[in-house]
$ cat query-v5.pdb   # PDB, C-alpha atoms and all ligand atoms
ATOM      1  CA  MET A  19       2.432  10.978 -22.225  1.00  0.00           C
ATOM      2  CA  MET A  20       0.682  10.906 -18.857  1.00  0.00           C
ATOM      3  CA  GLN A  21      -2.762  12.352 -18.460  1.00  0.00           C
ATOM      4  CA  ALA A  22      -3.208  15.794 -16.882  1.00  0.00           C
ATOM      5  CA  GLY A  23      -2.811  15.723 -13.133  1.00  0.00           C
ATOM      6  CA  VAL A  24      -0.563  12.656 -13.161  1.00  0.00           C
ATOM      7  CA  THR A  25       3.195  12.903 -12.694  1.00  0.00           C
ATOM      8  CA  LEU A  26       5.397   9.842 -13.141  1.00  0.00           C
ATOM      9  CA  ASP A  27       8.904  10.058 -11.749  1.00  0.00           C
ATOM     10  CA  ILE A  28      11.216   7.112 -12.415  1.00  0.00           C
ATOM     11  CA  GLN A  29      14.217   6.633 -10.156  1.00  0.00           C
ATOM     12  CA  PRO A  30      17.101   4.202 -10.710  1.00  0.00           C
ATOM     13  CA  ASP A  31      16.515   2.119  -7.592  1.00  0.00           C
ATOM     14  CA  SER A  32      14.581   1.906  -4.374  1.00  0.00           C
ATOM     15  CA  GLN A  33      17.042   4.054  -2.414  1.00  0.00           C
ATOM     16  CA  ALA A  34      16.856   6.872  -4.964  1.00  0.00           C
ATOM     17  CA  LEU A  35      13.086   6.455  -4.892  1.00  0.00           C
ATOM     18  CA  ALA A  36      13.132   6.942  -1.111  1.00  0.00           C
ATOM     19  CA  VAL A  37      15.192  10.142  -1.363  1.00  0.00           C
ATOM     20  CA  GLN A  38      12.924  11.549  -4.060  1.00  0.00           C
ATOM     21  CA  ALA A  39       9.782  10.626  -2.112  1.00  0.00           C
ATOM     22  CA  ALA A  40      11.227  12.155   1.058  1.00  0.00           C
ATOM     23  CA  ASP A  41      11.932  15.369  -0.888  1.00  0.00           C
ATOM     24  CA  PHE A  42       8.337  15.422  -2.130  1.00  0.00           C
ATOM     25  CA  ILE A  43       6.863  14.888   1.344  1.00  0.00           C
ATOM     26  CA  ALA A  44       9.247  17.356   2.994  1.00  0.00           C
ATOM     27  CA  ALA A  45       8.302  20.046   0.465  1.00  0.00           C
ATOM     28  CA  GLN A  46       4.640  19.524   1.268  1.00  0.00           C
ATOM     29  CA  VAL A  47       5.292  19.788   5.013  1.00  0.00           C
ATOM     30  CA  ARG A  48       7.338  22.956   4.537  1.00  0.00           C
ATOM     31  CA  ALA A  49       4.505  24.484   2.495  1.00  0.00           C
ATOM     32  CA  LYS A  50       1.918  23.460   5.114  1.00  0.00           C
ATOM     33  CA  PRO A  51       3.360  22.503   8.520  1.00  0.00           C
ATOM     34  CA  THR A  52      -0.058  21.240   9.702  1.00  0.00           C
ATOM     35  CA  LEU A  53      -0.269  18.744   6.816  1.00  0.00           C
ATOM     36  CA  SER A  54      -2.614  15.769   7.351  1.00  0.00           C
ATOM     37  CA  ILE A  55      -1.128  12.591   5.900  1.00  0.00           C
ATOM     38  CA  LEU A  56      -2.845   9.263   5.249  1.00  0.00           C
ATOM     39  CA  VAL A  57      -0.089   6.745   5.918  1.00  0.00           C
ATOM     40  CA  ALA A  58       0.393   3.343   4.297  1.00  0.00           C
ATOM     41  CA  THR A  59       2.488   0.689   5.946  1.00  0.00           C
ATOM     42  CA  GLY A  60       3.742  -2.283   3.884  1.00  0.00           C
ATOM     43  CA  ASN A  61       7.285  -2.665   2.570  1.00  0.00           C
ATOM     44  CA  THR A  62       7.463  -0.042  -0.172  1.00  0.00           C
ATOM     45  CA  PRO A  63       7.396   3.176   1.879  1.00  0.00           C
ATOM     46  CA  MET A  64       9.752   1.999   4.641  1.00  0.00           C
ATOM     47  CA  PRO A  65      12.988   3.392   3.129  1.00  0.00           C
ATOM     48  CA  THR A  66      11.178   6.697   2.535  1.00  0.00           C
ATOM     49  CA  TYR A  67      10.028   6.849   6.149  1.00  0.00           C
ATOM     50  CA  ALA A  68      13.559   5.990   7.319  1.00  0.00           C
ATOM     51  CA  GLU A  69      14.955   8.812   5.176  1.00  0.00           C
ATOM     52  CA  LEU A  70      12.400  11.245   6.634  1.00  0.00           C
ATOM     53  CA  GLY A  71      13.297  10.050  10.137  1.00  0.00           C
ATOM     54  CA  ARG A  72      16.985  10.824   9.492  1.00  0.00           C
ATOM     55  CA  ARG A  73      16.110  14.303   8.240  1.00  0.00           C
ATOM     56  CA  ALA A  74      13.903  14.923  11.285  1.00  0.00           C
ATOM     57  CA  ALA A  75      16.676  13.731  13.629  1.00  0.00           C
ATOM     58  CA  ARG A  76      19.101  16.175  11.991  1.00  0.00           C
ATOM     59  CA  GLY A  77      16.584  18.982  12.474  1.00  0.00           C
ATOM     60  CA  ASP A  78      16.217  19.500   8.715  1.00  0.00           C
ATOM     61  CA  ILE A  79      12.448  19.261   8.870  1.00  0.00           C
ATOM     62  CA  ASP A  80       9.820  19.648  11.592  1.00  0.00           C
ATOM     63  CA  PHE A  81       6.877  17.244  11.607  1.00  0.00           C
ATOM     64  CA  SER A  82       5.589  18.246  15.035  1.00  0.00           C
ATOM     65  CA  ARG A  83       2.403  19.856  13.689  1.00  0.00           C
ATOM     66  CA  VAL A  84       1.645  17.140  11.125  1.00  0.00           C
ATOM     67  CA  THR A  85      -1.249  14.729  11.719  1.00  0.00           C
ATOM     68  CA  ALA A  86      -0.752  11.089  10.711  1.00  0.00           C
ATOM     69  CA  VAL A  87      -3.916   9.225   9.719  1.00  0.00           C
ATOM     70  CA  GLN A  88      -3.958   5.441   9.678  1.00  0.00           C
ATOM     71  CA  LEU A  89      -4.849   3.842   6.325  1.00  0.00           C
ATOM     72  CA  ASP A  90      -5.784   0.350   7.426  1.00  0.00           C
ATOM     73  CA  GLU A  91      -5.778  -2.080  10.330  1.00  0.00           C
ATOM     74  CA  TYR A  92      -6.433  -5.695  11.165  1.00  0.00           C
ATOM     75  CA  LEU A  93      -9.259  -6.479  13.545  1.00  0.00           C
ATOM     76  CA  GLY A  94      -9.030  -8.459  16.730  1.00  0.00           C
ATOM     77  CA  LEU A  95      -5.401  -7.758  17.674  1.00  0.00           C
ATOM     78  CA  SER A  96      -4.184  -6.347  20.959  1.00  0.00           C
ATOM     79  CA  ASP A  97      -2.291  -3.051  20.850  1.00  0.00           C
ATOM     80  CA  HIS A  98       0.922  -4.902  21.565  1.00  0.00           C
ATOM     81  CA  ASP A  99       0.477  -7.535  18.883  1.00  0.00           C
ATOM     82  CA  PRO A 100       3.466  -7.326  16.521  1.00  0.00           C
ATOM     83  CA  ARG A 101       1.049  -7.431  13.567  1.00  0.00           C
ATOM     84  CA  SER A 102      -0.823  -4.264  14.623  1.00  0.00           C
ATOM     85  CA  LEU A 103      -0.617  -1.837  11.696  1.00  0.00           C
ATOM     86  CA  TRP A 104      -1.070   0.999  14.190  1.00  0.00           C
ATOM     87  CA  GLY A 105       2.092  -0.215  15.896  1.00  0.00           C
ATOM     88  CA  TRP A 106       3.868  -0.431  12.542  1.00  0.00           C
ATOM     89  CA  MET A 107       2.845   3.145  11.664  1.00  0.00           C
ATOM     90  CA  GLU A 108       3.995   4.340  15.103  1.00  0.00           C
ATOM     91  CA  ARG A 109       7.394   2.635  14.870  1.00  0.00           C
ATOM     92  CA  SER A 110       8.175   3.497  11.262  1.00  0.00           C
ATOM     93  CA  PHE A 111       6.599   6.926  10.828  1.00  0.00           C
ATOM     94  CA  VAL A 112       5.075   8.677  13.825  1.00  0.00           C
ATOM     95  CA  THR A 113       7.868   8.224  16.371  1.00  0.00           C
ATOM     96  CA  PRO A 114      10.945   8.695  14.148  1.00  0.00           C
ATOM     97  CA  LEU A 115       9.461  11.783  12.509  1.00  0.00           C
ATOM     98  CA  GLY A 116       8.400  13.325  15.838  1.00  0.00           C
ATOM     99  CA  ILE A 117       4.712  13.502  14.932  1.00  0.00           C
ATOM    100  CA  ARG A 118       2.487  14.357  17.900  1.00  0.00           C
ATOM    101  CA  GLN A 119      -1.000  13.837  16.520  1.00  0.00           C
ATOM    102  CA  SER A 120      -2.407  10.717  14.903  1.00  0.00           C
ATOM    103  CA  ILE A 121      -5.853   9.478  13.983  1.00  0.00           C
ATOM    104  CA  ARG A 122      -6.456   5.842  14.605  1.00  0.00           C
ATOM    105  CA  LEU A 123      -8.698   3.733  12.409  1.00  0.00           C
ATOM    106  CA  ALA A 124     -10.967   1.742  14.703  1.00  0.00           C
ATOM    107  CA  ASP A 125     -14.550   2.709  13.876  1.00  0.00           C
ATOM    108  CA  PRO A 126     -15.554   3.713  10.313  1.00  0.00           C
ATOM    109  CA  ALA A 127     -18.000   6.505  11.202  1.00  0.00           C
ATOM    110  CA  ALA A 128     -15.770   8.015  13.903  1.00  0.00           C
ATOM    111  CA  PHE A 129     -12.769   7.858  11.540  1.00  0.00           C
ATOM    112  CA  GLU A 130     -14.525   9.701   8.721  1.00  0.00           C
ATOM    113  CA  ALA A 131     -15.828  12.286  11.241  1.00  0.00           C
ATOM    114  CA  ASP A 132     -12.290  12.766  12.582  1.00  0.00           C
ATOM    115  CA  ILE A 133     -10.996  13.377   9.059  1.00  0.00           C
ATOM    116  CA  ALA A 134     -13.769  15.875   8.365  1.00  0.00           C
ATOM    117  CA  ALA A 135     -12.929  17.699  11.612  1.00  0.00           C
ATOM    118  CA  LEU A 136      -9.316  17.809  10.492  1.00  0.00           C
ATOM    119  CA  GLY A 137     -10.323  19.517   7.253  1.00  0.00           C
ATOM    120  CA  GLY A 138      -9.679  16.475   5.056  1.00  0.00           C
ATOM    121  CA  ILE A 139      -6.546  14.625   3.988  1.00  0.00           C
ATOM    122  CA  ASP A 140      -3.846  16.777   2.405  1.00  0.00           C
ATOM    123  CA  LEU A 141      -1.570  13.967   1.262  1.00  0.00           C
ATOM    124  CA  ALA A 142      -2.118  10.217   0.941  1.00  0.00           C
ATOM    125  CA  ILE A 143       1.091   8.146   0.836  1.00  0.00           C
ATOM    126  CA  LEU A 144       0.180   4.806  -0.709  1.00  0.00           C
ATOM    127  CA  GLY A 145       1.741   1.549  -1.805  1.00  0.00           C
ATOM    128  CA  LEU A 146       0.386  -0.439  -4.737  1.00  0.00           C
ATOM    129  CA  GLY A 147      -1.144  -3.877  -4.231  1.00  0.00           C
ATOM    130  CA  PRO A 148      -0.264  -6.548  -6.803  1.00  0.00           C
ATOM    131  CA  ASN A 149      -3.864  -6.406  -8.072  1.00  0.00           C
ATOM    132  CA  GLY A 150      -4.274  -2.638  -7.698  1.00  0.00           C
ATOM    133  CA  HIS A 151      -5.595  -2.718  -4.168  1.00  0.00           C
ATOM    134  CA  LEU A 152      -5.178   0.400  -2.038  1.00  0.00           C
ATOM    135  CA  GLY A 153      -5.261  -0.151   1.696  1.00  0.00           C
ATOM    136  CA  PHE A 154      -7.599  -3.150   1.857  1.00  0.00           C
ATOM    137  CA  ASN A 155      -9.787  -1.844  -0.968  1.00  0.00           C
ATOM    138  CA  GLU A 156      -9.620  -4.958  -3.094  1.00  0.00           C
ATOM    139  CA  PRO A 157     -11.059  -5.145  -6.609  1.00  0.00           C
ATOM    140  CA  PRO A 158     -13.812  -4.342  -7.284  1.00  0.00           C
ATOM    141  CA  SER A 159     -13.873  -1.136  -5.194  1.00  0.00           C
ATOM    142  CA  PRO A 160     -15.881   1.725  -6.667  1.00  0.00           C
ATOM    143  CA  PRO A 161     -14.879   5.333  -5.961  1.00  0.00           C
ATOM    144  CA  THR A 162     -17.685   5.581  -3.408  1.00  0.00           C
ATOM    145  CA  ALA A 163     -16.510   2.563  -1.370  1.00  0.00           C
ATOM    146  CA  PRO A 164     -16.636   3.856   2.209  1.00  0.00           C
ATOM    147  CA  THR A 165     -14.419   3.189   5.201  1.00  0.00           C
ATOM    148  CA  ARG A 166     -15.531  -0.266   6.272  1.00  0.00           C
ATOM    149  CA  VAL A 167     -14.862  -3.531   8.027  1.00  0.00           C
ATOM    150  CA  LEU A 168     -14.248  -6.460   5.722  1.00  0.00           C
ATOM    151  CA  ALA A 169     -13.085 -10.038   5.554  1.00  0.00           C
ATOM    152  CA  LEU A 170      -9.653 -10.221   3.946  1.00  0.00           C
ATOM    153  CA  THR A 171      -9.772 -11.649   0.436  1.00  0.00           C
ATOM    154  CA  PRO A 172      -7.392 -14.418  -0.622  1.00  0.00           C
ATOM    155  CA  ALA A 173      -5.380 -11.723  -2.462  1.00  0.00           C
ATOM    156  CA  SER A 174      -5.017  -9.592   0.687  1.00  0.00           C
ATOM    157  CA  LEU A 175      -4.125 -12.637   2.759  1.00  0.00           C
ATOM    158  CA  GLU A 176      -1.456 -13.582   0.227  1.00  0.00           C
ATOM    159  CA  SER A 177       0.128 -10.129  -0.048  1.00  0.00           C
ATOM    160  CA  ASN A 178       0.118  -9.688   3.736  1.00  0.00           C
ATOM    161  CA  ARG A 179       1.664 -13.077   4.471  1.00  0.00           C
ATOM    162  CA  ALA A 180       5.055 -11.679   3.468  1.00  0.00           C
ATOM    163  CA  TYR A 181       5.053  -9.325   6.470  1.00  0.00           C
ATOM    164  CA  TRP A 182       4.586 -11.745   9.336  1.00  0.00           C
ATOM    165  CA  GLY A 183       6.806 -14.784   8.867  1.00  0.00           C
ATOM    166  CA  GLU A 184       5.454 -17.578  11.000  1.00  0.00           C
ATOM    167  CA  LEU A 185       2.525 -15.551  12.343  1.00  0.00           C
ATOM    168  CA  SER A 186      -0.876 -15.915  10.707  1.00  0.00           C
ATOM    169  CA  VAL A 187      -2.519 -13.050   8.854  1.00  0.00           C
ATOM    170  CA  PRO A 188      -5.668 -11.887  10.676  1.00  0.00           C
ATOM    171  CA  THR A 189      -8.877 -12.669   8.789  1.00  0.00           C
ATOM    172  CA  HIS A 190     -10.663  -9.321   9.142  1.00  0.00           C
ATOM    173  CA  ALA A 191      -9.636  -5.727   8.701  1.00  0.00           C
ATOM    174  CA  ILE A 192     -10.830  -2.162   8.461  1.00  0.00           C
ATOM    175  CA  THR A 193      -9.755   0.127   5.657  1.00  0.00           C
ATOM    176  CA  ALA A 194     -10.047   3.784   4.838  1.00  0.00           C
ATOM    177  CA  GLY A 195     -12.510   3.837   1.946  1.00  0.00           C
ATOM    178  CA  MET A 196     -11.874   4.784  -1.646  1.00  0.00           C
ATOM    179  CA  ASN A 197     -13.977   7.855  -0.804  1.00  0.00           C
ATOM    180  CA  VAL A 198     -11.333   8.978   1.714  1.00  0.00           C
ATOM    181  CA  ILE A 199      -8.398   8.195  -0.590  1.00  0.00           C
ATOM    182  CA  LEU A 200      -9.952   9.927  -3.592  1.00  0.00           C
ATOM    183  CA  SER A 201     -10.780  13.024  -1.518  1.00  0.00           C
ATOM    184  CA  ALA A 202      -7.109  13.585  -0.681  1.00  0.00           C
ATOM    185  CA  ARG A 203      -5.744  16.854  -2.045  1.00  0.00           C
ATOM    186  CA  ALA A 204      -2.700  14.966  -3.328  1.00  0.00           C
ATOM    187  CA  VAL A 205      -1.706  11.321  -3.618  1.00  0.00           C
ATOM    188  CA  LEU A 206       1.847   9.991  -3.635  1.00  0.00           C
ATOM    189  CA  LEU A 207       1.979   6.421  -4.926  1.00  0.00           C
ATOM    190  CA  LEU A 208       5.258   4.574  -4.348  1.00  0.00           C
ATOM    191  CA  VAL A 209       6.043   1.547  -6.481  1.00  0.00           C
ATOM    192  CA  ASN A 210       9.145  -0.584  -6.660  1.00  0.00           C
ATOM    193  CA  GLY A 211      10.200  -3.902  -8.096  1.00  0.00           C
ATOM    194  CA  ALA A 212       9.608  -5.854 -11.294  1.00  0.00           C
ATOM    195  CA  HIS A 213       6.685  -7.688  -9.667  1.00  0.00           C
ATOM    196  CA  LYS A 214       4.727  -4.395  -9.744  1.00  0.00           C
ATOM    197  CA  ARG A 215       5.393  -3.686 -13.436  1.00  0.00           C
ATOM    198  CA  ASP A 216       2.144  -5.045 -14.871  1.00  0.00           C
ATOM    199  CA  ILE A 217      -0.083  -3.477 -12.259  1.00  0.00           C
ATOM    200  CA  LEU A 218       1.664  -0.117 -12.566  1.00  0.00           C
ATOM    201  CA  ARG A 219       0.967  -0.120 -16.336  1.00  0.00           C
ATOM    202  CA  ARG A 220      -2.672  -0.988 -15.669  1.00  0.00           C
ATOM    203  CA  THR A 221      -2.846   1.714 -12.997  1.00  0.00           C
ATOM    204  CA  LEU A 222      -1.602   4.452 -15.310  1.00  0.00           C
ATOM    205  CA  GLU A 223      -2.532   3.288 -18.805  1.00  0.00           C
ATOM    206  CA  GLY A 224      -5.414   0.820 -18.513  1.00  0.00           C
ATOM    207  CA  PRO A 225      -9.095   1.663 -18.178  1.00  0.00           C
ATOM    208  CA  GLU A 226     -10.172   3.573 -15.079  1.00  0.00           C
ATOM    209  CA  THR A 227     -12.185   0.894 -13.373  1.00  0.00           C
ATOM    210  CA  PRO A 228     -13.190  -0.375  -9.908  1.00  0.00           C
ATOM    211  CA  ASP A 229     -11.608  -3.649 -11.041  1.00  0.00           C
ATOM    212  CA  VAL A 230      -8.237  -1.902 -10.652  1.00  0.00           C
ATOM    213  CA  PRO A 231      -8.843   0.426  -7.693  1.00  0.00           C
ATOM    214  CA  SER A 232      -5.476   2.142  -8.208  1.00  0.00           C
ATOM    215  CA  SER A 233      -6.549   3.236 -11.724  1.00  0.00           C
ATOM    216  CA  LEU A 234      -9.093   5.527 -10.022  1.00  0.00           C
ATOM    217  CA  LEU A 235      -6.193   7.564  -8.589  1.00  0.00           C
ATOM    218  CA  ARG A 236      -5.902   9.278 -11.979  1.00  0.00           C
ATOM    219  CA  ARG A 237      -8.932  11.332 -10.889  1.00  0.00           C
ATOM    220  CA  VAL A 238      -6.915  13.115  -8.203  1.00  0.00           C
ATOM    221  CA  PRO A 239      -3.616  15.012  -8.318  1.00  0.00           C
ATOM    222  CA  LEU A 240      -1.335  11.988  -8.444  1.00  0.00           C
ATOM    223  CA  THR A 241       2.426  11.703  -8.210  1.00  0.00           C
ATOM    224  CA  VAL A 242       3.880   8.261  -8.817  1.00  0.00           C
ATOM    225  CA  ILE A 243       7.488   7.648  -7.862  1.00  0.00           C
ATOM    226  CA  ALA A 244       8.653   4.281  -9.141  1.00  0.00           C
ATOM    227  CA  ASP A 245      11.957   2.554  -9.652  1.00  0.00           C
ATOM    228  CA  GLU A 246      13.156   1.459 -13.086  1.00  0.00           C
ATOM    229  CA  ALA A 247      12.385  -2.174 -12.353  1.00  0.00           C
ATOM    230  CA  ALA A 248       8.714  -1.286 -11.940  1.00  0.00           C
ATOM    231  CA  TRP A 249       8.418   0.703 -15.145  1.00  0.00           C
ATOM    232  CA  THR A 250      10.912  -0.246 -17.862  1.00  0.00           C
TER     233      THR A 250
HETATM  234  C1  LIG A 301      -0.411  -1.103   3.610  1.00  0.00           C
HETATM  235  C2  LIG A 301      -1.440  -1.249   2.596  1.00  0.00           C
HETATM  236  C3  LIG A 301      -1.288  -2.106   1.363  1.00  0.00           C
HETATM  237  C4  LIG A 301       0.083  -1.994   0.710  1.00  0.00           C
HETATM  238  C5  LIG A 301       0.163  -2.801  -0.589  1.00  0.00           C
HETATM  239  C6  LIG A 301       1.580  -2.829  -1.137  1.00  0.00           C
HETATM  240  O1  LIG A 301      -0.881  -0.254   4.657  1.00  0.00           O
HETATM  241  O2  LIG A 301      -2.447  -0.679   2.753  1.00  0.00           O
HETATM  242  O3  LIG A 301      -2.309  -1.759   0.460  1.00  0.00           O
HETATM  243  O4  LIG A 301       0.376  -0.649   0.447  1.00  0.00           O
HETATM  244  O5  LIG A 301      -0.272  -4.111  -0.375  1.00  0.00           O
HETATM  245  O6  LIG A 301       2.396  -3.475  -0.203  1.00  0.00           O
HETATM  246  P1  LIG A 301       3.993  -3.495  -0.294  1.00  0.00           P
HETATM  247  O7  LIG A 301       4.424  -2.078  -0.175  1.00  0.00           O
HETATM  248  O8  LIG A 301       4.432  -4.311   0.885  1.00  0.00           O
HETATM  249  O9  LIG A 301       4.331  -4.077  -1.617  1.00  0.00           O
END
$ encode --input "query-v5.pdb" --output "structure tokens"
Amino acid sequence: MMQAGVTLDIQPDSQALAVQAADFIAAQVRAKPTLSILVATGNTPMPTYAELGRRAARGDIDFSRVTAVQLDEYLGLSDHDPRSLWGWMERSFVTPLGIRQSIRLADPAAFEADIAALGGIDLAILGLGPNGHLGFNEPPSPPTAPTRVLALTPASLESNRAYWGELSVPTHAITAGMNVILSARAVLLLVNGAHKRDILRRTLEGPETPDVPSSLLRRVPLTVIADEAAWT
């Protein structure tokens, strides 16, 4: 039995997860065409973004009034660096969905002011770090942790190495704070694979603690869509 405000939806595999997540996001955009979305990159949401891109290309859904808000970014990269998370968000989400407005994460104070001017985040789409990190909010991250520049921890370096093959992982980053994530009107957490099983249990059933930043998501309206490998 999940606690109030938390919905757990288990899908047979990662493709079914993507369809279900796309349905969830599309319903939110239909209800509010000017939705503001905090957008994770990483591997987990990519099939969902691809599914949304196909629906947008068919004209099934219109994202043109949505605002995409960047969740995290490495520091010290040029715009054209293949490791730019801005570039990754553009390629995987903004361009295929036909989104015209995005907020870039470059300066913490300006970013939080931009979000306030937007009226807050309506929906945060997040992946789950192997240790419960969200964005680059590594444990311990209290609920008040602001948008900030940080040195990547060994855990962040390790989980990001998978993305870049031969390229190094940058040493510093900027992340939307826990304050921004926990102020979202809704959070969609996507989780797949057996390697996420333990941390998903701790996220949903362990103590709510800064030592597992994702456990703090139970304070906000949270929908988790996971595949069977991540839950059973
Ligand atoms: C990505 C991000 C990270 C990932 C997390 C899970 O923008 O902020 O917190 O969401 O590390 O990564 P994947 O989905 O690759 O397992």
$ atom_distance --input "query-v5.pdb" --atom1 "atom CA of Pro63 of chain A" --atom2 "atom CA of Gly137 of chain A"
24.7 Å
$ resolve_selection --input "query-v5.pdb" --expression "the PyMOL selection byres (((not hetatm)) within 9 of (chain A and resi 301))" --output "count of residues only"
39
$ atom_distance --input "query-v5.pdb" --atom1 "atom CA of Leu175 of chain A" --atom2 "atom CA of His190 of chain A"
9.7 Å
$ residues_around --input "query-v5.pdb" --residues "Gly77 of chain A" --least-positions-apart "4" --cutoff "12 Å" --atoms "all atoms listed in the file" --output "PyMOL selection string"
chain A and resi 70-73+81-82+114-116
$ closest_residue --input "query-v5.pdb" --among "A:Leu207, A:Glu226, A:Phe111, A:Ile217" --to "Asp27 of chain A" --atoms "all atoms listed in the file"
A:Leu207
